[in-house]
Amino acid sequence: MTMDARSFTAPDPVPTRKAIALLLRPKLLSALGRGDKGRTIGKRIPTLLLTGGAAFAFLFLVGTRLLRTLREVPEVGPLLASKLLGLTLLLFLGILLLSNLIAALSSFFLAKDLPMVHEAPVDWLGLYGARLLETLGSSSWMVLLMVLPVLAAYQVVYGGDIGFYGLAVLTLFPYLLIPAAIGSAITLILVRVFPARRTRDILAFVSVIAGALLVVGLRVLRPERLVNPEGFRNLVDFLEVLRGPSSPWLPSEWMAQTLVGYLDGAFDPFWLWMLWVTAVGFVALGAGLHWALYPRGFTRAQEGGESGQRGDRVWNVYSAMLRPLGLERREMVLKDTRVFFRDATQWSQLLVLGVLLFVYVYNIRVLPVHSSETMSRFLVSMVVFLNLALAGFILAAVAARFVFPAYSLEGRTLWLLRSSPLPPDIFVWSKYWSGAVPLLVLAVALTVMTNRILGVVPGIMTLSVVSIIALTLALVAQALAWGVAMPRFETGNAAQIPTSVGGMLFMLSALVTLVLVLISQFWALRGYVRSGLPWRETRDPTGTELAIALGATLLITALAGVIPYQVARRKVISGTI
Amino acid sequence: MIRLEGLTKHYGSFTAVDGIDLEAPKGELFGLLGPNGAGKTSTLRMIAGILRPDEGRVTIDGFDVVEDPYRAKARLGYIPDRPFVYEKLTGAELLRFAAGLYGQEGEEIEDRIRELLELWDLTRWANELVESYSHGMRQKLIISSALIHRPRALVIDEPMVGLDPKAARLLKDLLRTYADSGGCALISTHTLEFAEVLCDRLAVIDGGRIVAYGTMDELRGEAESRDSGLEEIFLKLTGGESQRELTKVLAG
């Protein structure tokens, strides 16, 4: 038998549903098999179960504790619990929208398998469905992990039956689908109509817009009103606000109303109906947009980069400033900085960070700590701890976003470093300090600024600043170590790298470090904190109290920093020669 | 110059490289041939110090790549099969960075960068980001980065992929001149015409082992086909005659 082109017959088109399954299959298989060579999902199950179980247990315990406390508060308690679910789901909705924007850009426009898929006779609706579900999966799994224990806590505390879980699944799917459809549609429109030609530049603007939306959302919501009943004219007004939905036009509120209504024995199917109709509506709208805009949008996203690099003088000055580091360190840091500031997906995150920091400092400024003279001292000392906790959390999140992916981003270019005589120590050193220096500037600025606003005593100011420096150095080492231990070389999009299991493990270890530092400081300074209470004589912290707090902090952060740094070092050395 | 002794690499239960012994002396272009998955790239990556061997050793100019990586790697230039480089650096910046990794900077390096970019017709693109380079241009840039520190030995994985005829000819001339001046290059390639014309000696790898080794004449002797070209010899030594069944596969 010979090869004969005349014998060709056109195959029947693949039905949409089958096309969706077909397109999702390789993604699922690679997600399950992701990891080192030869490692399969089977070998990762213990790690996944352990970390997933720990996170679930932690959130579930915190959730049940909080809900039980609220249940005890007469009249207002149940209302606050309902409000809390609405606010939690609203927060997650914001996160979902942002992560869907990023994930949609990857799955619809940047994925490496797209040329192959476009070349094949795949039905457009099948492609849309598959990529939408892929976007939903990759952006929602972490939120799902956080939502499930919260819902379980509600079911346990309010004694819901097993039907609650069925209803939870029925509400969760449209709740996750809506931001996925909206995120995909916004990304599609931006890629299609934006004047910027480069896809990654578009992502930068998307991030900024999302950041701005988040800020506006937070301010419009004014959550601080709920903990400040004095701000209302009377209790009736306060209860009225609690009873009414916070944001009646948002799916998070519909989901909260459905679930809380079910637990209260007053289930109203209207909210569930709203969720599903909206989800179906947005998917239909998204599909329509996909049909109309995607082919041109995809072509546009492929169009090339800009030409000619300017700003040589700035780089020369920067290079001269780095001269004391020596040639190899200088070249590594210079290279990392250039790559960072020329990649819109990287530097644009700084803008979002700036907006969030502005909101944070603003909120500290408007805190009513000085409203009551007798309480102010106690509140200030409490807010100092809260400030350290929040600043530490922000730093951990920033390290997850910028330091954790540093090793993964070297990815396919690692051959150049590994085949060169560059000592692995210099490689680790430059990755560490490239992340640590900007984070230290951020951490110190944030702490000094907020502590000055709070008007803390000099001893506490010194303790806060030293603590945040030590904490930053430790968190950067941890981010680097987890990034080296569990790299994601196959992901080109830096924003997606921290959403891996390694990223989650880093956040967990960072939180444990932070909690240990807070506990040790609170324990050392308990006498000073109590002295701020109205019936006690106020005093400044003693030298011994400060020394113990400082010593404990330095000990914890040294261990939490040096060990991961050495782990990262060894891992890089064993990976190279 | 490049010496491999009992070099072995396992990936799980699969043995990719199985006790390879080989020596490429100064002044020689040494070709490494073999079917896909034979273990060529793993061998080259171990020589370049990217992969750690499970057994055996590699020495470059007498320095062990595992025991004394700094001195061994300082003498070597490596050109990988796929031209992945930093997309957000310009061509000139990448070469400057590569020189920095080998501890070199200053006017001499700036001259070297200009010289290499000119040689490969990349001067016009020197200040453009690598992301705007074509595959062939990236390949030329990587070859330049491997030559920036004037290495004593080169390890090259598939040198001809993506090069235009002019650049391919230039590379051949360059390698010949390099070897004649005392350099040594170990070249893995599927372009048999390139290997036949250019390489002084060849080794054929299959299943992680060397199945034939020597000059073209010695390989002809081993394959017992006196007047054959390298393609015939290669197919005979690697059991590739089955490729003649190609039409059956195509016909389904």
# chains A, B, ... in the order shown; residues from 1 in each chain; ligands from 1

$ residues_around --residues "Met160 (chain B)" --least-positions-apart "3" --cutoff "8 Å" --atoms "only C-alpha atoms" --output "MDAnalysis selection string"
chainID B and resid 163 168 189 191

$ write_last_selection --atoms "C-alpha atoms" --output "PDB file, in the first residue's frame"
ATOM      1  CA  LEU B 163      21.300  28.654  11.009  1.00  0.00           C
ATOM      2  CA  ALA B 168      26.299  27.384   8.725  1.00  0.00           C
ATOM      3  CA  THR B 189      24.713  16.447  15.533  1.00  0.00           C
ATOM      4  CA  THR B 191      23.446  16.588  10.272  1.00  0.00           C
TER       5      THR B 191
END

$ residues_around --residues "Thr538 (chain A)" --least-positions-apart "5" --cutoff "10 Å" --atoms "only C-alpha atoms" --output "list of chain:residue names"
A:Arg377, A:Phe378, A:Tyr528, A:Val529, A:Arg530, A:Ser531, A:Gly532, A:Leu533

$ atom_distance --atom1 "CA of Val567 (chain A)" --atom2 "CA of Leu505 (chain A)"
14.9 Å

$ atom_distance --atom1 "CA of Glu134 (chain A)" --atom2 "CA of Trp271 (chain A)"
26.5 Å

$ residues_around --residues "region 422-431 of chain A" --least-positions-apart "4" --cutoff "8 Å" --atoms "only C-alpha atoms" --output "list in words"
Glu328, Arg329, Met332, Val333, Val403, Ala406, Tyr407, Leu417, Arg418, Gly435, Leu480, Ala568, Arg569, Val572, Ile573 and Thr576 of chain A; Tyr70, Leu101 and Tyr102 of chain B

$ closest_residue --among "A:Leu416, A:Ile95, A:Ala443, A:Ala19" --to "Gly100 (chain B)" --atoms "only C-alpha atoms"
A:Leu416

$ interface_residues --of "chain B" --to "chain A" --cutoff "9 Å" --atoms "only C-alpha atoms" --output "ChimeraX atom specification"
/B:11-12,45,47-52,65-74,76-78,80,83-90,93-94,96-98,100-105,125,127-129,131-132,247-252
